>>> print(open('structure27.cif').read())   # mmCIF, C-alpha atoms
data_run
loop_
_atom_site.label_atom_id
_atom_site.label_comp_id
_atom_site.auth_asym_id
_atom_site.auth_seq_id
_atom_site.Cartn_x
_atom_site.Cartn_y
_atom_site.Cartn_z
CA MET A 1 72.65 18.84 7.80
CA LYS A 2 70.71 15.84 6.55
CA LYS A 3 71.65 13.84 9.67
CA VAL A 4 70.46 16.63 11.94
CA THR A 5 67.23 16.98 10.00
CA LYS A 6 66.51 13.25 10.13
CA ALA A 7 67.21 13.12 13.84
CA PHE A 8 64.96 16.09 14.46
CA LEU A 9 62.15 14.53 12.45
CA CYS A 10 62.46 11.27 14.33
CA MET A 11 62.25 13.09 17.65
CA LEU A 12 59.27 15.10 16.47
CA MET A 13 57.39 11.98 15.31
CA ALA A 14 58.09 10.24 18.59
CA ALA A 15 56.79 13.23 20.54
CA VAL A 16 53.60 13.36 18.49
CA THR A 17 53.05 9.61 18.93
CA LEU A 18 53.50 9.85 22.70
CA SER A 19 51.13 12.80 22.80
CA LEU A 20 48.44 10.85 20.93
CA ILE A 21 48.90 7.80 23.16
CA ASP A 22 48.72 9.91 26.31
CA SER A 23 45.57 11.72 25.13
CA ARG A 24 43.56 8.60 24.27
CA PRO A 25 42.52 7.64 27.81
CA GLU A 26 41.52 11.24 28.52
CA ALA A 27 39.50 11.48 25.30
CA TYR A 28 37.87 8.13 26.07
CA ALA A 29 37.03 9.29 29.58
CA ASN A 30 35.58 12.54 28.27
CA ALA A 31 33.40 10.61 25.82
CA ASN A 32 32.13 8.35 28.59
CA ASP A 33 31.52 11.36 30.79
CA ARG A 34 29.11 12.73 28.14
CA GLN A 35 27.21 9.47 27.64
CA ALA A 36 23.66 9.58 29.03
CA ARG A 37 21.83 6.44 30.14
CA ILE A 38 18.42 5.46 31.47
CA GLU A 39 18.87 2.41 33.69
CA LEU A 40 15.97 0.37 35.09
CA ASP A 41 16.07 -2.17 37.89
CA GLN A 42 14.08 -4.47 35.56
CA ASN A 43 12.87 -4.01 31.99
CA ALA A 44 11.22 -7.35 31.12
CA PHE A 45 8.04 -8.63 32.79
CA VAL A 46 5.69 -11.55 32.25
CA VAL A 47 2.02 -10.61 31.85
CA LYS A 48 -0.20 -10.85 34.94
CA ALA A 49 -3.97 -11.06 34.70
CA TRP A 50 -5.91 -7.96 35.74
CA ARG A 51 -6.93 -8.11 39.41
CA SER A 52 -9.40 -5.91 41.28
CA ASP A 53 -6.91 -5.65 44.16
CA GLY A 54 -4.37 -3.96 41.89
CA SER A 55 -1.82 -6.78 42.11
CA HIS A 56 -1.33 -6.55 38.34
CA LEU A 57 0.40 -3.19 38.90
CA THR A 58 4.06 -2.99 39.80
CA ALA A 59 6.53 -0.19 40.55
CA VAL A 60 9.59 0.07 38.33
CA LYS A 61 12.56 2.10 39.54
CA GLY A 62 15.16 3.72 37.33
CA LYS A 63 17.93 6.30 37.16
CA LEU A 64 19.04 8.88 34.60
CA THR A 65 22.76 9.58 34.51
CA LEU A 66 25.30 11.45 32.40
CA GLY A 67 28.43 9.40 32.76
CA GLU A 68 28.30 8.54 36.46
CA ARG A 69 26.59 11.80 37.42
CA PRO A 70 22.83 11.99 38.13
CA VAL A 71 20.64 14.20 35.97
CA VAL A 72 18.32 16.11 38.29
CA ASN A 73 14.83 17.44 37.48
CA ALA A 74 14.64 15.96 33.97
CA LEU A 75 11.21 15.12 32.59
CA LEU A 76 10.65 11.56 31.32
CA GLN A 77 7.64 10.03 29.59
CA THR A 78 6.49 6.43 29.23
CA GLY A 79 5.08 5.64 25.79
CA THR A 80 3.49 8.31 23.63
CA ARG A 81 0.65 9.10 26.02
CA GLY A 82 2.07 8.10 29.38
CA ARG A 83 2.34 10.46 32.30
CA ASN A 84 5.43 12.62 32.82
CA ILE A 85 7.90 11.75 35.59
CA ARG A 86 10.59 13.97 37.17
CA THR A 87 13.99 12.70 38.21
CA SER A 88 14.98 13.36 41.82
CA GLN A 89 18.20 14.70 43.36
CA ASP A 90 20.04 11.43 42.72
CA GLY A 91 18.64 11.09 39.18
CA SER A 92 16.22 8.36 40.24
CA PHE A 93 12.57 7.99 39.27
CA GLU A 94 9.72 5.52 39.72
CA LEU A 95 6.86 4.56 37.42
CA LEU A 96 3.79 2.36 37.83
CA LEU A 97 3.52 -0.39 35.23
CA ASP A 98 0.35 -2.25 34.23
CA LEU A 99 1.34 -5.89 33.77
CA SER A 100 -2.08 -6.88 32.37
CA LEU A 101 -1.27 -5.30 28.99
CA ILE A 102 1.33 -6.67 26.60
CA ALA A 103 3.50 -3.83 25.37
CA ASN A 104 6.95 -2.72 24.32
CA THR A 105 6.96 0.70 26.00
CA LEU A 106 9.53 3.36 25.17
CA ILE A 107 10.87 5.54 27.99
CA ARG A 108 12.46 8.77 26.81
CA ILE A 109 13.37 12.26 28.00
CA THR A 110 10.93 14.94 26.88
CA SER A 111 12.30 18.07 28.59
CA LEU A 112 15.44 19.31 30.33
CA GLN A 113 14.03 22.68 31.30
CA GLY A 114 15.32 23.37 34.81
CA ALA A 115 17.41 20.19 34.83
CA THR A 116 20.96 20.18 36.23
CA VAL A 117 24.09 18.03 36.45
CA ASP A 118 26.45 18.70 39.38
CA ASP A 119 24.18 21.63 40.33
CA LYS A 120 24.99 23.30 37.01
CA PRO A 121 22.78 24.02 33.97
CA ILE A 122 23.15 21.50 31.17
CA GLY A 123 25.27 22.52 28.17
CA SER A 124 24.23 22.03 24.56
CA LYS A 125 26.41 18.95 23.93
CA GLU A 126 25.27 17.35 27.16
CA GLU A 127 21.67 18.20 26.34
CA GLU A 128 21.93 16.47 22.98
CA SER A 129 23.29 13.33 24.62
CA ILE A 130 20.65 13.25 27.37
CA LEU A 131 17.72 13.83 25.01
CA SER A 132 18.89 10.94 22.82
CA ALA A 133 18.88 8.48 25.73
CA SER A 134 16.03 5.97 25.88
CA THR A 135 15.13 2.47 27.01
CA VAL A 136 12.15 0.11 26.75
CA ILE A 137 10.04 -2.02 29.05
CA ASN A 138 8.78 -5.31 27.64
CA VAL A 139 5.59 -6.93 29.02
CA TYR A 140 4.90 -10.23 27.30
CA HIS A 141 3.49 -13.74 27.41
CA PRO A 142 6.27 -16.35 27.35
CA ILE A 143 6.28 -18.51 24.21
CA GLU A 144 7.33 -22.15 24.19
CA VAL A 145 8.37 -24.01 21.03
CA MET A 146 7.18 -27.58 21.48
CA ASN A 147 8.25 -29.14 18.19
CA VAL A 148 9.74 -28.33 14.77
CA GLU A 149 9.27 -30.68 11.84
CA PRO A 150 9.60 -30.56 8.03
CA SER A 151 6.55 -29.39 6.11
CA ASP A 152 4.87 -32.24 4.21
CA ASN A 153 3.95 -30.14 1.18
CA GLU A 154 6.87 -27.69 1.05
CA PRO A 155 10.31 -29.29 1.58
CA ASN A 156 12.06 -25.94 2.02
CA LYS A 157 9.79 -25.02 4.96
CA VAL A 158 9.29 -26.24 8.51
CA LYS A 159 6.27 -26.35 10.78
CA VAL A 160 6.89 -24.79 14.18
CA TYR A 161 4.49 -25.91 16.90
CA ALA A 162 4.44 -23.30 19.64
CA ARG A 163 2.35 -22.18 22.59
CA ILE A 164 1.60 -18.82 24.22
CA LEU A 165 1.88 -19.36 27.97
CA SER A 166 -0.21 -17.66 30.64
CA GLU A 167 -0.65 -17.84 34.38
CA THR A 168 -3.29 -20.15 35.82
CA GLY A 169 -6.75 -18.65 35.62
CA ASP A 170 -5.82 -16.03 33.03
CA LYS A 171 -8.40 -16.10 30.24
CA ILE A 172 -6.78 -14.76 27.09
CA SER A 173 -8.93 -13.41 24.29
CA PHE A 174 -7.27 -14.94 21.25
CA PHE A 175 -8.05 -13.79 17.70
CA GLN A 176 -11.75 -14.43 17.03
CA ALA A 177 -14.85 -12.91 15.43
CA ASP A 178 -15.68 -9.81 17.43
CA LYS A 179 -18.19 -7.78 15.43
CA TYR A 180 -19.88 -7.73 12.06
CA ARG A 181 -19.88 -4.87 9.60
CA ILE A 182 -22.96 -2.88 8.77
CA SER A 183 -22.44 -0.81 5.65
CA GLY A 184 -24.55 0.66 2.92
CA GLN A 185 -25.74 3.87 1.33
CA VAL A 186 -28.05 6.70 2.35
CA GLY A 187 -29.88 8.51 -0.45
CA ASP A 188 -32.83 10.75 -1.07
CA ALA A 189 -36.22 9.47 -2.22
CA ASP A 190 -34.89 9.09 -5.78
CA GLY A 191 -31.73 7.25 -4.69
CA ASN A 192 -29.33 10.17 -5.11
CA PRO A 193 -26.52 9.91 -2.51
CA ILE A 194 -26.67 12.11 0.58
CA LYS A 195 -23.47 13.30 2.23
CA ASP A 196 -22.84 13.65 6.01
CA ALA A 197 -25.75 11.50 7.16
CA VAL A 198 -25.13 9.30 10.24
CA VAL A 199 -26.86 5.93 10.74
CA TRP A 200 -27.61 4.70 14.27
CA ILE A 201 -28.46 1.15 15.36
CA ASP A 202 -29.55 0.55 18.96
CA ARG A 203 -31.29 -2.33 20.66
CA GLU A 204 -34.90 -1.90 21.58
CA ARG A 205 -34.27 -3.66 24.89
CA GLY A 206 -31.00 -3.80 26.77
CA GLU A 207 -27.69 -2.17 26.07
CA GLY A 208 -25.79 -1.82 22.84
CA PHE A 209 -25.66 0.62 19.98
CA ALA A 210 -23.52 1.48 16.99
CA LYS A 211 -22.96 4.76 15.18
CA SER A 212 -21.77 4.90 11.59
CA THR A 213 -19.20 7.09 9.99
CA PRO A 214 -20.76 10.12 8.23
CA THR A 215 -21.72 9.24 4.68
CA ASN A 216 -19.24 10.30 2.00
CA THR A 217 -20.00 11.93 -1.34
CA GLN A 218 -21.34 8.59 -2.62
CA GLY A 219 -23.61 8.29 0.43
CA LYS A 220 -21.55 5.35 1.78
CA TYR A 221 -21.26 4.60 5.50
CA GLU A 222 -20.07 1.77 7.75
CA MET A 223 -20.08 0.68 11.39
CA TYR A 224 -19.46 -2.48 13.40
CA TYR A 225 -21.94 -4.29 15.63
CA TRP A 226 -22.70 -7.65 17.28
CA PRO A 227 -26.29 -8.64 16.34
CA GLU A 228 -28.49 -10.25 18.98
CA ASP A 229 -31.81 -12.09 18.78
CA GLU A 230 -33.89 -8.97 19.24
CA GLY A 231 -35.18 -6.01 17.31
CA THR A 232 -33.14 -2.86 16.88
CA ASN A 233 -34.09 0.71 16.24
CA LEU A 234 -32.80 2.27 13.02
CA THR A 235 -32.23 6.02 12.94
CA VAL A 236 -30.67 8.37 10.39
CA MET A 237 -29.41 11.79 11.51
CA LEU A 238 -28.91 14.48 8.88
CA GLY A 239 -27.88 17.71 10.54
CA THR A 240 -30.59 18.40 13.12
CA ARG A 241 -33.17 16.22 11.35
CA ARG A 242 -33.91 12.75 12.69
CA TYR A 243 -35.42 9.99 10.52
CA VAL A 244 -36.89 6.88 12.13
CA LEU A 245 -38.87 3.75 11.31
CA PRO A 246 -42.67 3.81 11.58
CA ASP A 247 -44.12 3.54 15.10
CA GLY A 248 -44.00 0.00 16.42
CA LYS A 249 -41.52 -1.16 13.76
CA VAL A 250 -38.06 -2.51 14.57
CA PHE A 251 -35.24 -3.72 12.37
CA ILE A 252 -34.15 -7.37 12.67
CA LEU A 253 -30.46 -7.88 11.90
CA PRO A 254 -29.54 -11.40 10.75
CA ARG A 255 -27.11 -13.12 13.13
CA ASN A 256 -23.52 -14.13 12.38
CA THR A 257 -23.17 -12.15 9.19
CA SER A 258 -22.31 -8.70 7.92
CA VAL A 259 -25.02 -6.75 6.11
CA ASP A 260 -25.52 -3.96 3.60
CA ILE A 261 -28.43 -1.64 4.43
CA SER A 262 -29.55 0.76 1.72
CA ILE A 263 -31.74 3.59 3.04
CA ARG A 264 -33.72 6.19 1.12
CA LEU A 265 -35.03 9.12 3.10
CA PRO A 266 -38.64 10.29 2.52
CA ARG A 267 -39.51 13.34 0.41
CA GLU A 268 -41.63 14.65 3.24
CA GLY A 269 -41.75 14.00 6.95
CA SER A 270 -39.28 12.03 9.02
CA VAL A 271 -40.55 8.43 8.78
CA ILE A 272 -38.49 5.94 6.77
CA ASP A 273 -40.60 3.57 4.65
CA ASP A 274 -39.54 0.08 5.81
CA LYS A 275 -40.23 -1.58 2.43
CA PRO A 276 -38.04 -1.88 -0.70
CA PRO A 277 -36.70 0.12 -2.42
CA MET A 278 -36.72 2.62 0.47
CA LEU A 279 -35.13 0.14 2.88
CA VAL A 280 -33.19 -2.87 1.58
CA CYS A 281 -31.00 -5.21 3.65
CA THR A 282 -28.72 -7.86 2.09
CA THR A 283 -26.10 -10.10 3.71
CA THR A 284 -22.43 -9.64 2.85
CA LYS A 285 -19.20 -11.53 3.49
CA GLY A 286 -16.80 -10.95 6.31
CA ALA A 287 -16.46 -10.10 9.97
CA THR A 288 -14.22 -8.05 12.22
CA TYR A 289 -11.82 -10.13 14.30
CA SER A 290 -10.00 -9.06 17.42
CA GLY A 291 -7.61 -10.65 19.88
CA LEU A 292 -4.10 -11.91 20.56
CA LEU A 293 -1.84 -13.31 17.84
CA ALA A 294 1.82 -14.26 17.76
CA GLY A 295 4.16 -14.21 14.76
CA ILE A 296 7.86 -13.96 14.02
CA ASP A 297 9.74 -10.69 13.67
CA VAL A 298 11.05 -10.97 10.12
CA PRO A 299 11.24 -8.51 7.19
CA PRO A 300 7.92 -7.77 5.45
CA GLY A 301 7.32 -10.13 2.54
CA THR A 302 8.91 -13.14 4.26
CA PRO A 303 6.59 -15.98 3.19
CA TYR A 304 5.39 -17.51 6.43
CA SER A 305 1.87 -18.32 7.63
CA LEU A 306 0.39 -18.94 11.06
CA THR A 307 -2.70 -20.42 12.63
CA ILE A 308 -5.11 -18.82 15.09
CA PRO A 309 -4.20 -19.94 18.64
CA ASP A 310 -6.60 -22.26 20.43
CA GLN A 311 -7.76 -21.67 24.01
CA GLN A 312 -4.55 -23.28 25.31
CA GLY A 313 -2.50 -20.81 23.26
CA ARG A 314 -1.24 -23.44 20.80
CA PHE A 315 -0.51 -22.33 17.24
CA VAL A 316 1.55 -23.39 14.21
CA LEU A 317 3.94 -21.41 12.04
CA THR A 318 4.89 -22.57 8.55
CA VAL A 319 8.14 -20.80 7.75
CA PRO A 320 11.11 -21.18 5.37
CA LYS A 321 13.76 -23.37 7.03
CA ASP A 322 16.57 -20.88 6.35
CA VAL A 323 14.55 -18.14 8.07
CA TRP A 324 13.85 -20.32 11.11
CA ASP A 325 17.52 -21.35 11.34
CA LYS A 326 18.37 -17.69 12.04
CA HIS A 327 16.42 -17.95 15.33
CA PRO A 328 14.05 -15.00 14.79
CA TYR A 329 12.29 -13.40 17.74
CA PHE A 330 8.57 -13.88 18.12
CA PHE A 331 6.27 -10.90 18.56
CA GLU A 332 2.86 -10.64 20.19
CA THR A 333 0.16 -8.26 19.07
CA ARG A 334 -3.49 -7.50 19.76
CA LEU A 335 -4.99 -7.12 16.32
CA THR A 336 -8.39 -5.88 15.15
CA LYS A 337 -8.98 -6.53 11.47
CA PHE A 338 -11.87 -6.98 9.04
CA VAL A 339 -11.58 -10.19 7.02
CA GLY A 340 -13.83 -10.23 3.98
CA GLN A 341 -14.48 -13.93 3.54
CA GLU A 342 -17.67 -15.93 3.94
CA LYS A 343 -16.30 -18.59 6.29
CA ILE A 344 -15.95 -17.53 9.91
CA LEU A 345 -12.39 -18.13 11.10
CA LYS A 346 -11.80 -20.17 14.24
CA ALA A 347 -8.94 -21.56 16.32
CA GLY A 348 -6.54 -23.65 14.25
CA ASP A 349 -7.43 -22.00 10.92
CA GLU A 350 -4.42 -20.84 8.92
CA LEU A 351 -4.14 -17.12 8.27
CA PRO A 352 -2.82 -15.88 4.92
CA ILE A 353 0.83 -15.05 4.30
CA ASP A 354 1.65 -11.45 5.25
CA PHE A 355 -1.52 -11.25 7.39
CA VAL A 356 0.07 -9.67 10.45
CA HIS A 357 3.10 -7.44 11.06
CA PRO A 358 4.70 -6.29 14.31
CA ASN A 359 4.30 -2.72 15.50
CA GLN A 360 6.93 -0.83 17.48
CA THR A 361 4.80 -1.19 20.60
CA ASP A 362 4.47 -4.99 20.27
CA PRO A 363 6.71 -6.97 22.64
CA ARG A 364 9.42 -9.21 21.19
CA VAL A 365 9.87 -12.62 22.77
CA ASN A 366 12.78 -15.05 22.73
CA ALA A 367 10.99 -18.40 22.85
CA THR A 368 12.05 -21.30 25.03
CA VAL A 369 12.35 -24.81 23.58
CA SER A 370 10.70 -27.67 25.40
#
>>> encode(input="structure27.cif", output="structure tokens")
Amino acid sequence: MKKVTKAFLCMLMAAVTLSLIDSRPEAYANANDRQARIELDQNAFVVKAWRSDGSHLTAVKGKLTLGERPVVNALLQTGTRGRNIRTSQDGSFELLLDLSLIANTLIRITSLQGATVDDKPIGSKEEESILSASTVINVYHPIEVMNVEPSDNEPNKVKVYARILSETGDKISFFQADKYRISGQVGDADGNPIKDAVVWIDRERGEGFAKSTPTNTQGKYEMYYWPEDEGTNLTVMLGTRRYVLPDGKVFILPRNTSVDISIRLPREGSVIDDKPPMLVCTTTKGATYSGLLAGIDVPPGTPYSLTIPDQQGRFVLTVPKDVWDKHPYFFETRLTKFVGQEKILKAGDELPIDFVHPNQTDPRVNATVS
């Protein structure tokens, strides 16, 4: 009886093993058959300067499939605000890409309403797979690493000399002073803060104006502006009431500096007294900077610094040697940021550690080594 039982068990185990082996290819095939993919004919592009003839635009073709089968009439979207695109009868689609803007653009499926596979409605499991499919398009400036040398002051760090490349004739706006901040307080004739007032600055001649944020409960406001060598009009709007300077008077903003303008509104009438303490202007530190920067894609808190690129795109990273030895990707970002220091930053100046971080929409770049 024991011999028969052992023989039977051996046969049963063999049968189960063969069954599992035979089912693996089929299970693997079924899994592949449910895998959705968005395939593009190209997903990495070098930046091209904007051209009036539209040559900076290019068509990108792609296809949405489930396994090897096309997904028909699915709705795709480029980025978070891009236009919607429908897939055709063979699952293909085409989008127009602006190569003048650096970006890491996500392409994803937003709707399967009315979509089909093999002329059949899409099931729940297939729908889950298709909706999870995505891909990205990277538009970037190439980066070249020209030299790496030990840091003189910090033996555990290296200096990486790199350059952001661009096509001939492309004028890149690198990180530089863009506007100055105008801030201050609006109050009543006794200096008590007024909420929801809006301060306007506009040039007496020519174009250019700035509008502040509504004042908060402390009467504080701010706006950003590039002062010129000319007078400006100063206006305060409070609801439907409009307060202005006396006839023939203009406000002169000092150049190349941020300012604090304290304004007290009159008890009666709508004319602002242009003398202290009703109107007081003092200079303050800082400026708003805007433009292109490049850094390395490393975890936040990694202690590296970088310099502002010069007009040839050259910049320097000072980074821990063990971090650099891991060959991190670079990232490129267009940053606008207020820096509250008296000195105006310029090309070659070193930015503080942890000054800039990559966003999801910033392109990642694998640098070449010269």
>>> atom_distance(input="structure27.cif", atom1="atom CA of Arg86 of chain A", atom2="atom CA of Gln113 of chain A")
11.1 Å
>>> resolve_selection(input="structure27.cif", expression="the PyMOL selection byres ((chain A and resi 217) around 8)", output="PyMOL selection string")
chain A and resi 193-195+215-216+218-220
>>> write_last_selection(input="structure27.cif", atoms="C-alpha atoms", output="PDB file, in the frame of the given file")
ATOM      1  CA  PRO A 193     -26.520   9.910  -2.510  1.00  0.00           C
ATOM      2  CA  ILE A 194     -26.670  12.110   0.580  1.00  0.00           C
ATOM      3  CA  LYS A 195     -23.470  13.300   2.230  1.00  0.00           C
ATOM      4  CA  THR A 215     -21.720   9.240   4.680  1.00  0.00           C
ATOM      5  CA  ASN A 216     -19.240  10.300   2.000  1.00  0.00           C
ATOM      6  CA  GLN A 218     -21.340   8.590  -2.620  1.00  0.00           C
ATOM      7  CA  GLY A 219     -23.610   8.290   0.430  1.00  0.00           C
ATOM      8  CA  LYS A 220     -21.550   5.350   1.780  1.00  0.00           C
TER       9      LYS A 220
END
>>> closest_residue(input="structure27.cif", among="A:Tyr243, A:Arg314, A:Arg181, A:Ser290", to="Asn256 of chain A", atoms="only C-alpha atoms")
A:Arg181
>>> atom_distance(input="structure27.cif", atom1="atom CA of Val199 of chain A", atom2="atom CA of Pro227 of chain A")
15.6 Å
>>> residues_around(input="structure27.cif", residues="segment 105-110 of chain A", least_positions_apart="4", cutoff="7 Å", atoms="all atoms listed in the file", output="NGL selection string")
:A and (75-79 or 131 or 133-138 or 361)
>>> resolve_selection(input="structure27.cif", expression="the PyMOL selection byres ((chain A and resi 333) around 6)", output="PyMOL selection string")
chain A and resi 292-293+332+334-335+362
>>> residues_around(input="structure27.cif", residues="Lys337 of chain A", least_positions_apart="3", cutoff="9 Å", atoms="only C-alpha atoms", output="MDAnalysis selection string")
chainID A and resid 287:290
>>> resolve_selection(input="structure27.cif", expression="the PyMOL selection byres ((chain A and resi 267-282) around 12)", output="ChimeraX atom specification")
/A:181-192,233-238,240-254,257-266,283-285
>>> write_last_selection(input="structure27.cif", atoms="C-alpha atoms", output="PDB file, in the frame of the given file")
ATOM      1  CA  ARG A 181     -19.880  -4.870   9.600  1.00  0.00           C
ATOM      2  CA  ILE A 182     -22.960  -2.880   8.770  1.00  0.00           C
ATOM      3  CA  SER A 183     -22.440  -0.810   5.650  1.00  0.00           C
ATOM      4  CA  GLY A 184     -24.550   0.660   2.920  1.00  0.00           C
ATOM      5  CA  GLN A 185     -25.740   3.870   1.330  1.00  0.00           C
ATOM      6  CA  VAL A 186     -28.050   6.700   2.350  1.00  0.00           C
ATOM      7  CA  GLY A 187     -29.880   8.510  -0.450  1.00  0.00           C
ATOM      8  CA  ASP A 188     -32.830  10.750  -1.070  1.00  0.00           C
ATOM      9  CA  ALA A 189     -36.220   9.470  -2.220  1.00  0.00           C
ATOM     10  CA  ASP A 190     -34.890   9.090  -5.780  1.00  0.00           C
ATOM     11  CA  GLY A 191     -31.730   7.250  -4.690  1.00  0.00           C
ATOM     12  CA  ASN A 192     -29.330  10.170  -5.110  1.00  0.00           C
ATOM     13  CA  ASN A 233     -34.090   0.710  16.240  1.00  0.00           C
ATOM     14  CA  LEU A 234     -32.800   2.270  13.020  1.00  0.00           C
ATOM     15  CA  THR A 235     -32.230   6.020  12.940  1.00  0.00           C
ATOM     16  CA  VAL A 236     -30.670   8.370  10.390  1.00  0.00           C
ATOM     17  CA  MET A 237     -29.410  11.790  11.510  1.00  0.00           C
ATOM     18  CA  LEU A 238     -28.910  14.480   8.880  1.00  0.00           C
ATOM     19  CA  THR A 240     -30.590  18.400  13.120  1.00  0.00           C
ATOM     20  CA  ARG A 241     -33.170  16.220  11.350  1.00  0.00           C
ATOM     21  CA  ARG A 242     -33.910  12.750  12.690  1.00  0.00           C
ATOM     22  CA  TYR A 243     -35.420   9.990  10.520  1.00  0.00           C
ATOM     23  CA  VAL A 244     -36.890   6.880  12.130  1.00  0.00           C
ATOM     24  CA  LEU A 245     -38.870   3.750  11.310  1.00  0.00           C
ATOM     25  CA  PRO A 246     -42.670   3.810  11.580  1.00  0.00           C
ATOM     26  CA  ASP A 247     -44.120   3.540  15.100  1.00  0.00           C
ATOM     27  CA  GLY A 248     -44.000   0.000  16.420  1.00  0.00           C
ATOM     28  CA  LYS A 249     -41.520  -1.160  13.760  1.00  0.00           C
ATOM     29  CA  VAL A 250     -38.060  -2.510  14.570  1.00  0.00           C
ATOM     30  CA  PHE A 251     -35.240  -3.720  12.370  1.00  0.00           C
ATOM     31  CA  ILE A 252     -34.150  -7.370  12.670  1.00  0.00           C
ATOM     32  CA  LEU A 253     -30.460  -7.880  11.900  1.00  0.00           C
ATOM     33  CA  PRO A 254     -29.540 -11.400  10.750  1.00  0.00           C
ATOM     34  CA  THR A 257     -23.170 -12.150   9.190  1.00  0.00           C
ATOM     35  CA  SER A 258     -22.310  -8.700   7.920  1.00  0.00           C
ATOM     36  CA  VAL A 259     -25.020  -6.750   6.110  1.00  0.00           C
ATOM     37  CA  ASP A 260     -25.520  -3.960   3.600  1.00  0.00           C
ATOM     38  CA  ILE A 261     -28.430  -1.640   4.430  1.00  0.00           C
ATOM     39  CA  SER A 262     -29.550   0.760   1.720  1.00  0.00           C
ATOM     40  CA  ILE A 263     -31.740   3.590   3.040  1.00  0.00           C
ATOM     41  CA  ARG A 264     -33.720   6.190   1.120  1.00  0.00           C
ATOM     42  CA  LEU A 265     -35.030   9.120   3.100  1.00  0.00           C
ATOM     43  CA  PRO A 266     -38.640  10.290   2.520  1.00  0.00           C
ATOM     44  CA  THR A 283     -26.100 -10.100   3.710  1.00  0.00           C
ATOM     45  CA  THR A 284     -22.430  -9.640   2.850  1.00  0.00           C
ATOM     46  CA  LYS A 285     -19.200 -11.530   3.490  1.00  0.00           C
TER      47      LYS A 285
END
>>> closest_residue(input="structure27.cif", among="A:Ser305, A:Arg163, A:Ser52, A:Val323", to="Val145 of chain A", atoms="all atoms listed in the file")
A:Arg163
>>> closest_residue(input="structure27.cif", among="A:His327, A:Asp196, A:Pro363, A:Lys159", to="Leu101 of chain A", atoms="all atoms listed in the file")
A:Pro363
>>> atom_distance(input="structure27.cif", atom1="atom CA of Lys63 of chain A", atom2="atom CA of Ser88 of chain A")
9.0 Å
>>> closest_residue(input="structure27.cif", among="A:Gly286, A:Pro121, A:Pro358, A:Gly291", to="Tyr224 of chain A", atoms="only C-alpha atoms")
A:Gly286
>>> axis_aligned_box(input="structure27.cif", around="segment 117-132 of chain A", padding_each_side="5 Å", output="lines of an AutoDock Vina configuration file")
center_x = 22.1
center_y = 17.5
center_z = 31.6
size_x = 18.7
size_y = 23.1
size_z = 27.5
>>> closest_residue(input="structure27.cif", among="A:Ile143, A:Leu99, A:Ala177, A:Leu40", to="Leu345 of chain A", atoms="all atoms listed in the file")
A:Ala177
>>> residues_near_point(input="structure27.cif", point="(5.8, -19.0, 18.3)", cutoff="8 Å", atoms="all atoms listed in the file", output="PyMOL selection string")
chain A and resi 143-145+160-164+294-296+315-317+330+367
>>> residues_around(input="structure27.cif", residues="Gly91 of chain A", least_positions_apart="3", cutoff="8 Å", atoms="all atoms listed in the file", output="list of chain:residue names")
A:Lys63, A:Leu64, A:Thr65, A:Pro70, A:Val71, A:Val72, A:Asn73, A:Thr87, A:Ser88
>>> write_last_selection(input="structure27.cif", atoms="C-alpha atoms", output="PDB file, in the coordinates of the input")
ATOM      1  CA  LYS A  63      17.930   6.300  37.160  1.00  0.00           C
ATOM      2  CA  LEU A  64      19.040   8.880  34.600  1.00  0.00           C
ATOM      3  CA  THR A  65      22.760   9.580  34.510  1.00  0.00           C
ATOM      4  CA  PRO A  70      22.830  11.990  38.130  1.00  0.00           C
ATOM      5  CA  VAL A  71      20.640  14.200  35.970  1.00  0.00           C
ATOM      6  CA  VAL A  72      18.320  16.110  38.290  1.00  0.00           C
ATOM      7  CA  ASN A  73      14.830  17.440  37.480  1.00  0.00           C
ATOM      8  CA  THR A  87      13.990  12.700  38.210  1.00  0.00           C
ATOM      9  CA  SER A  88      14.980  13.360  41.820  1.00  0.00           C
TER      10      SER A  88
END
>>> residues_around(input="structure27.cif", residues="Pro328 of chain A", least_positions_apart="4", cutoff="7 Å", atoms="all atoms listed in the file", output="VMD selection string")
chain A and resid 296 to 298 324
